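Shown next: target_38.csv, given as CSV, C-alpha atoms.
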```csv
chain,number,residue,atom,x,y,z
K,297,MET,CA,20.5,-13.6,-1.8
K,298,ILE,CA,22.8,-11.2,0.1
K,299,HIS,CA,22.8,-7.7,-1.3
K,300,LEU,CA,24.3,-4.4,-0.2
K,301,ALA,CA,21.5,-2.4,1.4
K,302,ALA,CA,20.9,1.3,0.8
K,303,PHE,CA,20.8,4.0,3.5
K,304,GLY,CA,23.2,2.3,5.9
K,305,GLU,CA,25.6,4.5,8.0
K,306,ARG,CA,28.5,3.1,9.8
K,307,VAL,CA,29.1,4.7,13.2
K,308,GLN,CA,32.1,3.2,15.0
K,309,ASP,CA,31.4,-0.5,15.5
K,310,LYS,CA,27.7,-0.2,14.6
K,311,VAL,CA,25.5,0.4,11.5
K,312,ILE,CA,22.4,2.6,11.5
K,313,CYS,CA,19.7,1.8,8.9
K,314,HIS,CA,18.1,5.0,7.7
K,315,LEU,CA,15.5,3.4,5.5
K,316,CYS,CA,12.6,3.7,7.9
K,317,PRO,CA,11.8,5.7,11.0
K,318,HIS,CA,12.8,2.9,13.3
K,319,GLU,CA,16.4,3.9,12.6
K,320,CYS,CA,17.7,0.6,13.8
K,321,ASN,CA,21.1,0.7,15.4
K,322,LEU,CA,22.8,-2.6,14.6
K,323,THR,CA,25.9,-4.3,16.1
K,324,ASP,CA,27.6,-6.9,13.9
K,325,GLY,CA,25.3,-9.7,13.1
K,326,LYS,CA,22.2,-8.0,14.5
K,327,ARG,CA,19.1,-7.7,12.4
K,328,GLY,CA,16.7,-4.7,12.2
K,329,ILE,CA,13.0,-4.8,13.2
K,330,CYS,CA,12.2,-5.8,9.6
K,331,VAL,CA,14.5,-8.9,10.0
K,332,CYS,CA,15.7,-8.7,6.5
K,333,ARG,CA,18.3,-5.9,6.9
K,334,PHE,CA,21.4,-6.6,9.1
K,335,ASN,CA,24.9,-5.6,9.9
K,336,ARG,CA,27.5,-7.9,8.3
K,337,ASN,CA,31.1,-6.9,9.2
K,338,GLY,CA,30.2,-3.2,9.4
K,339,GLU,CA,28.1,-3.1,6.2
K,340,LEU,CA,24.3,-2.9,6.0
K,341,VAL,CA,23.1,-5.8,3.9
K,342,THR,CA,19.8,-7.4,3.1
K,343,ASP,CA,19.0,-11.1,2.4
K,344,ASN,CA,15.6,-10.5,0.8
K,345,TYR,CA,16.8,-9.2,-2.6
K,346,GLY,CA,14.7,-10.9,-5.3
K,347,GLU,CA,13.3,-13.5,-2.9
K,348,LEU,CA,9.6,-13.8,-3.6
K,349,VAL,CA,7.3,-15.2,-1.0
K,350,SER,CA,4.2,-15.0,-3.3
K,351,LEU,CA,3.4,-14.5,-6.9
K,352,ALA,CA,0.0,-14.2,-8.7
K,353,VAL,CA,-1.9,-12.2,-11.3
K,354,ASP,CA,-4.6,-10.2,-9.4
K,355,PRO,CA,-7.3,-7.8,-10.5
K,356,ILE,CA,-6.0,-4.3,-9.9
K,357,GLU,CA,-9.1,-3.7,-7.8
K,358,LYS,CA,-7.7,-6.3,-5.2
K,359,LYS,CA,-4.9,-3.9,-4.2
K,360,PRO,CA,-7.2,-2.0,-3.8
K,361,LEU,CA,-6.8,0.5,-6.6
K,362,TYR,CA,-10.2,1.5,-8.0
K,363,HIS,CA,-9.1,4.5,-10.1
K,364,PHE,CA,-5.9,3.1,-11.7
K,365,TYR,CA,-6.5,1.3,-15.0
K,366,PRO,CA,-9.8,-0.3,-13.7
K,367,GLY,CA,-10.6,-3.8,-15.0
K,368,THR,CA,-7.0,-4.8,-15.6
K,369,GLY,CA,-4.9,-7.5,-14.1
K,370,ILE,CA,-1.5,-7.0,-12.5
K,371,LEU,CA,1.3,-9.4,-11.6
K,372,SER,CA,1.6,-9.2,-7.8
K,373,THR,CA,4.5,-10.3,-5.5
K,374,GLY,CA,5.9,-9.7,-2.1
K,375,CYS,CA,8.9,-10.2,0.2
K,376,ASN,CA,9.1,-12.2,3.4
K,377,CYS,CA,9.4,-9.3,5.8
K,378,CYS,CA,7.8,-6.2,7.2
K,379,ASN,CA,8.9,-3.2,9.3
K,380,LEU,CA,5.8,-3.1,11.4
K,381,GLY,CA,4.4,-5.7,13.8
K,382,CYS,CA,0.7,-5.2,13.7
K,383,LEU,CA,-1.1,-7.4,16.2
K,384,ASN,CA,-4.0,-7.9,13.7
K,385,CYS,CA,-1.8,-8.7,10.6
K,386,GLN,CA,-3.8,-10.7,8.1
K,387,ASN,CA,-0.7,-11.9,6.2
K,388,TRP,CA,1.4,-12.7,9.3
K,389,THR,CA,2.5,-16.1,8.0
K,390,ILE,CA,4.5,-14.3,5.3
K,391,SER,CA,5.2,-11.0,7.0
K,392,GLN,CA,6.1,-12.0,10.6
K,393,GLU,CA,7.5,-15.5,10.2
K,394,LYS,CA,10.1,-17.1,8.0
K,395,SER,CA,8.5,-18.5,4.9
K,396,PRO,CA,9.8,-20.3,1.8
K,397,THR,CA,10.8,-18.0,-1.1
K,398,VAL,CA,11.8,-18.3,-4.8
K,399,TYR,CA,14.4,-16.1,-6.4
K,400,LYS,CA,13.6,-14.0,-9.4
K,401,SER,CA,16.0,-11.5,-10.8
K,402,PRO,CA,14.6,-8.1,-12.0
K,403,ASP,CA,14.9,-9.3,-15.6
K,404,GLU,CA,13.0,-12.5,-14.8
K,405,LEU,CA,10.2,-10.6,-13.0
K,406,THR,CA,9.9,-8.2,-15.9
K,407,GLU,CA,9.7,-11.1,-18.3
K,408,LEU,CA,6.9,-12.7,-16.2
K,409,ALA,CA,4.9,-9.5,-16.3
K,410,LEU,CA,5.3,-9.4,-20.1
K,411,ARG,CA,4.4,-13.0,-20.5
K,412,HIS,CA,1.2,-12.6,-18.5
K,413,LYS,CA,0.3,-9.4,-20.4
K,414,SER,CA,0.1,-7.6,-17.1
K,415,LEU,CA,-0.4,-4.0,-16.4
K,416,GLY,CA,2.9,-4.1,-14.6
K,417,VAL,CA,4.0,-5.4,-11.2
K,418,ALA,CA,2.4,-4.7,-7.8
K,419,PHE,CA,4.8,-5.0,-4.9
K,420,THR,CA,2.3,-6.0,-2.2
K,421,TYR,CA,1.2,-8.7,0.3
K,422,THR,CA,3.8,-7.8,2.9
K,423,GLU,CA,5.8,-4.5,3.0
K,424,PRO,CA,7.5,-3.4,-0.3
K,425,MET,CA,9.4,-0.5,1.3
K,426,VAL,CA,11.9,-3.0,2.9
K,427,TRP,CA,12.4,-4.4,-0.6
K,428,PHE,CA,13.8,-1.0,-1.6
K,429,GLU,CA,16.9,-2.2,-3.5
K,430,TYR,CA,15.0,-4.8,-5.6
K,431,ILE,CA,12.2,-2.4,-6.5
K,432,MET,CA,14.7,0.3,-7.5
K,433,ASP,CA,16.5,-2.2,-9.8
K,434,THR,CA,13.3,-3.7,-11.3
K,435,ALA,CA,11.3,-0.5,-11.9
K,436,PRO,CA,13.4,0.9,-14.8
K,437,LEU,CA,13.1,-2.4,-16.6
K,438,LEU,CA,9.3,-2.4,-16.2
K,439,HIS,CA,9.1,1.2,-17.5
K,440,ASP,CA,11.4,0.4,-20.4
K,441,HIS,CA,8.6,-2.1,-21.5
K,442,GLY,CA,5.8,0.3,-20.9
K,443,LEU,CA,4.7,-1.4,-17.7
K,444,ASN,CA,3.6,0.1,-14.4
K,445,VAL,CA,5.1,0.0,-10.9
K,446,VAL,CA,2.6,-0.3,-8.0
K,447,LEU,CA,3.3,-0.3,-4.3
K,448,VAL,CA,0.8,-1.4,-1.7
K,449,THR,CA,2.4,-0.2,1.5
K,450,ASN,CA,2.1,0.8,5.1
K,451,GLY,CA,3.9,4.0,4.3
K,452,PHE,CA,6.4,3.7,7.1
K,453,ILE,CA,9.5,5.0,5.4
K,454,ASN,CA,11.9,8.0,5.7
K,455,PRO,CA,11.5,10.9,3.3
K,456,LYS,CA,14.8,10.4,1.4
K,457,PRO,CA,14.2,6.8,0.3
K,458,LEU,CA,10.6,7.6,-0.3
K,459,ALA,CA,11.6,10.4,-2.8
K,460,GLU,CA,13.6,7.8,-4.7
K,461,LEU,CA,10.7,5.4,-4.8
K,462,ILE,CA,8.2,8.1,-5.8
K,463,ALA,CA,10.4,8.8,-8.9
K,464,VAL,CA,10.0,5.2,-10.2
K,465,THR,CA,6.4,4.4,-9.0
K,466,ASP,CA,3.2,4.9,-10.9
K,467,ALA,CA,0.6,4.2,-8.2
K,468,MET,CA,0.4,3.5,-4.4
K,469,ASN,CA,-2.2,2.4,-2.0
K,470,ILE,CA,-1.1,3.4,1.5
K,471,ASP,CA,-2.6,1.8,4.5
K,472,LEU,CA,-3.5,4.5,7.1
K,473,LYS,CA,-4.3,2.2,10.0
K,474,SER,CA,-5.5,4.9,12.4
K,475,ILE,CA,-5.5,8.6,12.8
K,476,ARG,CA,-4.3,8.3,16.4
K,477,PRO,CA,-0.6,8.0,17.4
K,478,GLU,CA,-1.3,5.7,20.3
K,479,PHE,CA,-2.9,3.1,17.9
K,480,TYR,CA,0.3,2.9,15.9
K,481,THR,CA,2.4,2.6,19.1
K,482,ARG,CA,0.2,-0.1,20.8
K,483,VAL,CA,-1.1,-2.1,17.8
K,484,CYS,CA,1.4,-1.6,15.0
K,485,LYS,CA,4.7,-1.1,16.9
K,486,GLY,CA,5.3,2.0,14.8
K,487,MET,CA,4.5,5.7,14.5
K,488,LEU,CA,1.7,7.6,12.9
K,489,GLU,CA,3.4,10.9,11.8
K,490,PRO,CA,5.8,9.3,9.3
K,491,VAL,CA,2.9,7.6,7.6
K,492,MET,CA,1.0,10.8,7.3
K,493,GLU,CA,4.1,12.5,5.9
K,494,THR,CA,4.4,9.7,3.3
K,495,ILE,CA,0.8,10.3,2.3
K,496,ARG,CA,1.4,14.1,2.0
K,497,LEU,CA,4.5,13.6,-0.1
K,498,VAL,CA,2.9,11.1,-2.4
K,499,ALA,CA,-0.3,13.2,-2.8
K,500,ALA,CA,1.9,16.1,-3.9
K,501,SER,CA,3.6,14.0,-6.6
K,502,ASP,CA,2.5,12.6,-9.9
K,503,VAL,CA,2.0,9.1,-8.3
K,504,HIS,CA,-1.6,7.9,-8.3
K,505,LEU,CA,-2.7,7.6,-4.7
K,506,GLU,CA,-5.4,5.7,-2.9
K,507,VAL,CA,-5.8,5.2,0.9
K,508,THR,CA,-7.1,2.2,2.9
K,509,ASN,CA,-8.3,2.0,6.5
K,510,LEU,CA,-9.1,-1.3,8.2
K,511,LEU,CA,-11.7,-0.7,10.9
K,512,ILE,CA,-11.2,-2.6,14.2
K,513,PRO,CA,-14.1,-2.4,16.7
K,514,GLY,CA,-13.3,-0.3,19.7
K,515,LEU,CA,-9.8,0.7,18.5
K,516,ASN,CA,-10.1,3.0,15.4
K,517,ASP,CA,-13.8,3.0,14.4
K,518,SER,CA,-15.3,5.9,16.4
K,519,ASP,CA,-17.0,8.7,14.6
K,520,ALA,CA,-14.3,11.1,15.6
K,521,ASP,CA,-11.6,8.8,14.3
K,522,ILE,CA,-13.3,8.3,11.0
K,523,GLU,CA,-14.1,12.0,10.4
K,524,HIS,CA,-10.6,13.1,11.4
K,525,LEU,CA,-9.0,10.5,9.1
K,526,ALA,CA,-11.3,11.6,6.2
K,527,GLU,CA,-10.6,15.2,6.9
K,528,PHE,CA,-6.9,14.6,6.7
K,529,VAL,CA,-7.1,12.8,3.3
K,530,ALA,CA,-9.5,15.5,2.0
K,531,SER,CA,-7.0,18.2,3.0
K,532,LEU,CA,-4.7,16.8,0.4
K,533,SER,CA,-7.4,16.3,-2.3
K,534,GLU,CA,-11.0,15.4,-2.1
K,535,LYS,CA,-10.5,13.1,-5.1
K,536,ILE,CA,-8.2,10.7,-3.3
K,537,PRO,CA,-10.2,7.4,-3.1
K,538,LEU,CA,-10.6,6.1,0.5
K,539,HIS,CA,-11.3,2.4,1.1
K,540,PHE,CA,-12.8,1.2,4.4
K,541,SER,CA,-12.4,-2.6,5.1
K,542,ALA,CA,-13.8,-4.8,7.8
K,543,TYR,CA,-11.3,-6.5,10.2
K,544,HIS,CA,-11.5,-10.2,11.1
K,545,PRO,CA,-9.6,-11.9,14.0
K,546,ASP,CA,-6.1,-13.0,13.1
K,547,TYR,CA,-2.5,-13.3,14.3
K,548,LYS,CA,-2.4,-11.9,17.9
K,549,MET,CA,-5.8,-10.1,17.9
K,550,ASP,CA,-9.0,-12.0,18.8
K,551,LYS,CA,-11.5,-9.1,18.9
K,552,GLU,CA,-14.8,-9.9,17.2
K,553,ALA,CA,-15.0,-9.1,13.5
K,554,THR,CA,-16.1,-5.7,12.3
K,555,PRO,CA,-19.9,-5.6,11.6
K,556,ALA,CA,-20.9,-4.6,8.1
K,557,GLU,CA,-22.9,-1.7,9.6
K,558,THR,CA,-19.7,-0.2,11.0
K,559,VAL,CA,-18.1,-0.1,7.5
K,560,LEU,CA,-21.3,1.4,5.9
K,561,HIS,CA,-21.5,4.0,8.6
K,562,ALA,CA,-17.8,4.9,8.0
K,563,VAL,CA,-18.5,5.3,4.3
K,564,THR,CA,-21.4,7.6,5.0
K,565,LEU,CA,-19.3,9.8,7.4
K,566,ALA,CA,-16.3,10.0,5.1
K,567,ARG,CA,-18.4,11.0,2.1
K,568,LYS,CA,-19.1,14.3,3.8
K,569,HIS,CA,-15.4,15.1,3.1
K,570,LEU,CA,-14.4,13.0,0.1
K,571,VAL,CA,-16.0,12.4,-3.3
K,572,TYR,CA,-14.8,8.8,-3.6
K,573,VAL,CA,-15.3,6.5,-0.6
K,574,TYR,CA,-15.7,2.7,-0.9
K,575,ALA,CA,-16.7,-0.2,1.3
K,576,GLY,CA,-13.9,-2.7,0.7
K,577,ASN,CA,-14.8,-6.2,1.7
K,578,ILE,CA,-18.5,-6.1,2.4
K,579,HIS,CA,-21.6,-5.9,0.2
K,580,MET,CA,-23.1,-2.4,0.0
K,581,GLU,CA,-25.4,-1.3,-2.8
K,582,ASN,CA,-23.4,1.1,-4.9
K,583,GLY,CA,-20.6,0.7,-2.3
K,584,SER,CA,-18.0,-0.2,-4.9
K,585,ASP,CA,-19.4,1.6,-8.0
K,586,THR,CA,-17.9,4.9,-9.0
K,587,PHE,CA,-20.2,7.9,-9.9
K,588,CYS,CA,-19.3,11.3,-11.2
K,589,PRO,CA,-19.1,13.7,-8.3
K,590,ALA,CA,-20.4,16.5,-10.6
K,591,CYS,CA,-23.3,15.0,-12.5
K,592,GLY,CA,-23.9,11.6,-10.9
K,593,ASN,CA,-23.2,9.6,-14.0
K,594,LEU,CA,-22.1,6.0,-13.5
K,595,LEU,CA,-18.4,5.8,-14.3
K,596,ILE,CA,-17.4,2.3,-13.2
K,597,ARG,CA,-19.6,-0.6,-12.4
K,598,ARG,CA,-18.1,-3.3,-10.0
K,599,ALA,CA,-19.0,-6.7,-8.8
K,600,GLY,CA,-16.5,-8.2,-6.4
K,601,PHE,CA,-13.1,-7.6,-8.1
K,602,ARG,CA,-14.6,-7.3,-11.5
K,603,ALA,CA,-14.9,-3.8,-13.0
K,604,LYS,CA,-16.3,-2.4,-16.1
K,605,VAL,CA,-15.7,1.2,-17.2
K,606,VAL,CA,-18.9,2.6,-18.6
K,607,GLY,CA,-18.7,6.4,-18.3
K,608,VAL,CA,-15.1,7.5,-18.4
K,609,ARG,CA,-13.3,8.8,-21.5
K,610,GLY,CA,-9.7,9.8,-21.1
K,611,GLY,CA,-10.1,10.3,-17.4
K,612,ARG,CA,-13.1,12.5,-17.7
K,613,CYS,CA,-16.8,11.9,-17.2
K,614,ALA,CA,-18.3,11.0,-20.6
K,615,GLN,CA,-21.4,12.9,-19.8
K,616,CYS,CA,-20.2,16.2,-18.2
K,617,HIS,CA,-16.4,16.0,-18.9
K,618,PHE,CA,-15.5,16.4,-15.2
K,619,ASP,CA,-11.9,15.5,-14.5
K,620,THR,CA,-12.4,12.3,-12.4
K,621,GLY,CA,-8.8,11.6,-11.6
K,622,ILE,CA,-9.2,8.1,-12.9
K,623,ARG,CA,-6.3,6.8,-14.9
K,624,GLN,CA,-7.0,4.5,-17.9
```

Kindly transcribe the structure held in the file into structure tokens.
Amino acid sequence: MIHLAAFGERVQDKVICHLCPHECNLTDGKRGICVCRFNRNGELVTDNYGELVSLAVDPIEKKPLYHFYPGTGILSTGCNCCNLGCLNCQNWTISQEKSPTVYKSPDELTELALRHKSLGVAFTYTEPMVWFEYIMDTAPLLHDHGLNVVLVTNGFINPKPLAELIAVTDAMNIDLKSIRPEFYTRVCKGMLEPVMETIRLVAASDVHLEVTNLLIPGLNDSDADIEHLAEFVASLSEKIPLHFSAYHPDYKMDKEATPAETVLHAVTLARKHLVYVYAGNIHMENGSDTFCPACGNLLIRRAGFRAKVVGVRGGRCAQCHFDTGIRQ
């Protein structure tokens, strides 16, 4: 569905897209790096509005969001595009290539969330930021029904559109792919600083924030990288949950998969700076459980994507009343 896109500026015979830091400068008919936004007769338009490439009810833990209504399910969907070109993309068949989509209006998506008794809608799988117009139209409908809006994002967006999204979003998981600028340039075809600024702005808002880092052997898994990344997150709040995940070969990257020991080591290093650090997709004893940083009480027990809240009452530790930052 063709839809007028936000943050387009006409300059002579071109249109500049100001949605993300790429600032694509488009002649008539030319598409941006995200592929879904393009210049049509001097107007910035998008053809991804309401076009769903995937739809499922997932555990909220799968996003991953461990401290946002743990143990609940959320209707999850995504669009057929992305504004980064990560060489290791694990969803490249729906983010980097044209895939079949199904149209759902904002009303229809809201009705689906209600029908499935969902926590809300998670805009995920690919890159929700380039679905800006659809999210902005859908979010108020979800909120009118007491439902939540979740974004699982690469964080590569300009501050002005981000501010509008923050105003209608309840939780975000932001993928901080590396703490080094050259990694973003070489592996992701993007830039680090805008992502760090997104994390800063979200951390300063009322939006619940968690951060994920995918560890790739030899590229972003050194002790210095891990400690620097954890220090950056902790500088915003030591309570921000940080998730480390193991990479596996995919798309254009054929490096060997990340050993479990690397993830466990990263968790240990990061826990020197943050009180909530998790091993994402490997087994680690107590690696996904949540304990009270103040008294050690078990707060949430997890097995895979199943979670049971056992020691949290109204966001506080049931034993010592520490403010855990967990929303429930």

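Minimum distance to Pro355 (chain K) across K:Ile470, K:Ala603, K:Cys320, K:Leu595 (counting all atoms listed in the file) occurs at K:Ala603.
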
Go ahead and compute the interatomic distance for CA of Cys382 (chain K) and CA of Val483 (chain K), in Å to one decimal.
5.4 Å

Residues within 9 Å of Glu423 (chain K), please, as a list in words. Count all atoms listed in the file; anything in the same chain fewer than 3 positions from it doesn't count.
Gly374, Cys375, Asn376, Cys377, Cys378, Asn379, Leu380, Ser391, Phe419, Thr420, Val426, Trp427, Leu447, Val448, Thr449, Asn450 and Gly451 of chain K

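Going from CA of Pro360 (chain K) to CA of Leu458 (chain K) covers 20.5 Å.
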
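Closest approach to His363 (chain K) from the set K:Ser401, K:Thr586, K:Asn509, K:Thr422 is made by K:Thr586, with distances taken over all atoms listed in the file.
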
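The space between CA of Phe618 (chain K) and CA of Asn593 (chain K) spans 10.3 Å.
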
Nearest residue to Leu505 (chain K) from the set K:Cys330, K:Ala467, K:Leu348, K:Met432 (distances using only C-alpha atoms)
K:Ala467

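Shortest atom-to-atom contact with Glu357 (chain K) among K:Glu319, K:Cys616, K:Gly369, K:Leu488: K:Gly369, counting only C-alpha atoms.
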
Counting only C-alpha atoms, give me one row per residue of region 363-476 of chain K with an atom at most 12 Å from an atom of region 516-531 of chain K, showing the shortest contact pair and its distance in Å to one decimal, sorted by chain then residue number, as a Markdown table.
```
| residue | atom | partner | partner_atom | distance |
| --- | --- | --- | --- | --- |
| K:Ile470 | CA | K:Val529 | CA | 11.3 |
| K:Asp471 | CA | K:Leu525 | CA | 11.7 |
| K:Leu472 | CA | K:Leu525 | CA | 8.4 |
| K:Lys473 | CA | K:Asn516 | CA | 8.0 |
| K:Ser474 | CA | K:Asn516 | CA | 5.8 |
| K:Ile475 | CA | K:Leu525 | CA | 5.4 |
| K:Arg476 | CA | K:Asp521 | CA | 7.6 |
```

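Closest approach to Lys456 (chain K) among K:Leu408, K:Leu497, K:Val349, K:Ala614 is made by K:Leu497 (distances from all atoms listed in the file).
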
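The environment of Met297 (chain K) within 7 Å, counting only C-alpha atoms and disregarding residues fewer than 6 places along the same chain, consists of K:Asp343, K:Asn344, K:Tyr345.
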
Skipping near chain neighbours, those fewer than 5 positions away, what residues fall within 10 Å of Asn337 (chain K) using all atoms listed in the file, listed as an MDAnalysis selection string?
chainID K and resid 309:311 323:325

Using all atoms listed in the file for the distances, tell me which of K:Ile462, K:Val353, K:Val331, K:Met425 is nearest to Ala302 (chain K).
K:Met425

I want to know what sits within 7 Å of Asn577 (chain K), based on only C-alpha atoms, with residues of the same chain fewer than 2 positions away left out; could you give that as number ranges by chain?
K: 541-542, 575, 579

Would it be fine to have region 556-601 of chain K, with C-alpha atoms, given as a compact mmCIF listing (two decimals), in the first residue's frame?
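This is the output file out10.txt:
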```
# COMPACT_ATOMS: atom_id res chain seq x y z
CA ALA K 556 29.02 -20.95 24.77
CA GLU K 557 32.09 -20.12 26.86
CA THR K 558 32.37 -16.74 25.15
CA VAL K 559 28.82 -15.81 26.14
CA LEU K 560 29.34 -16.98 29.72
CA HIS K 561 32.56 -14.97 29.95
CA ALA K 562 30.79 -11.87 28.62
CA VAL K 563 28.05 -12.25 31.24
CA THR K 564 30.65 -12.48 33.99
CA LEU K 565 32.51 -9.38 32.77
CA ALA K 566 29.36 -7.30 32.34
CA ARG K 567 28.05 -8.20 35.79
CA LYS K 568 30.87 -6.10 37.23
CA HIS K 569 28.99 -3.07 35.93
CA LEU K 570 25.31 -4.05 35.62
CA VAL K 571 22.99 -5.84 38.04
CA TYR K 572 20.96 -7.65 35.36
CA VAL K 573 22.95 -9.51 32.69
CA TYR K 574 21.64 -12.54 30.81
CA ALA K 575 22.92 -15.29 28.53
CA GLY K 576 20.46 -15.16 25.66
CA ASN K 577 20.46 -18.35 23.62
CA ILE K 578 22.68 -20.79 25.49
CA HIS K 579 22.19 -22.76 28.68
CA MET K 580 23.84 -21.29 31.74
CA GLU K 581 22.91 -22.19 35.30
CA ASN K 582 21.00 -19.17 36.61
CA GLY K 583 21.88 -17.42 33.33
CA SER K 584 18.28 -16.45 32.64
CA ASP K 585 16.87 -16.30 36.18
CA THR K 586 16.51 -12.91 37.84
CA PHE K 587 17.73 -12.30 41.39
CA CYS K 588 17.31 -9.26 43.60
CA PRO K 589 20.54 -7.20 43.43
CA ALA K 590 20.02 -6.13 47.06
CA CYS K 591 19.26 -9.37 48.92
CA GLY K 592 19.71 -12.19 46.37
CA ASN K 593 16.07 -13.29 46.49
CA LEU K 594 14.90 -15.19 43.38
CA LEU K 595 12.59 -12.84 41.52
CA ILE K 596 11.85 -14.64 38.23
CA ARG K 597 12.53 -18.27 37.33
CA ARG K 598 13.00 -19.03 33.62
CA ALA K 599 13.33 -22.15 31.49
CA GLY K 600 13.76 -21.38 27.82
CA PHE K 601 11.10 -18.79 27.01
```
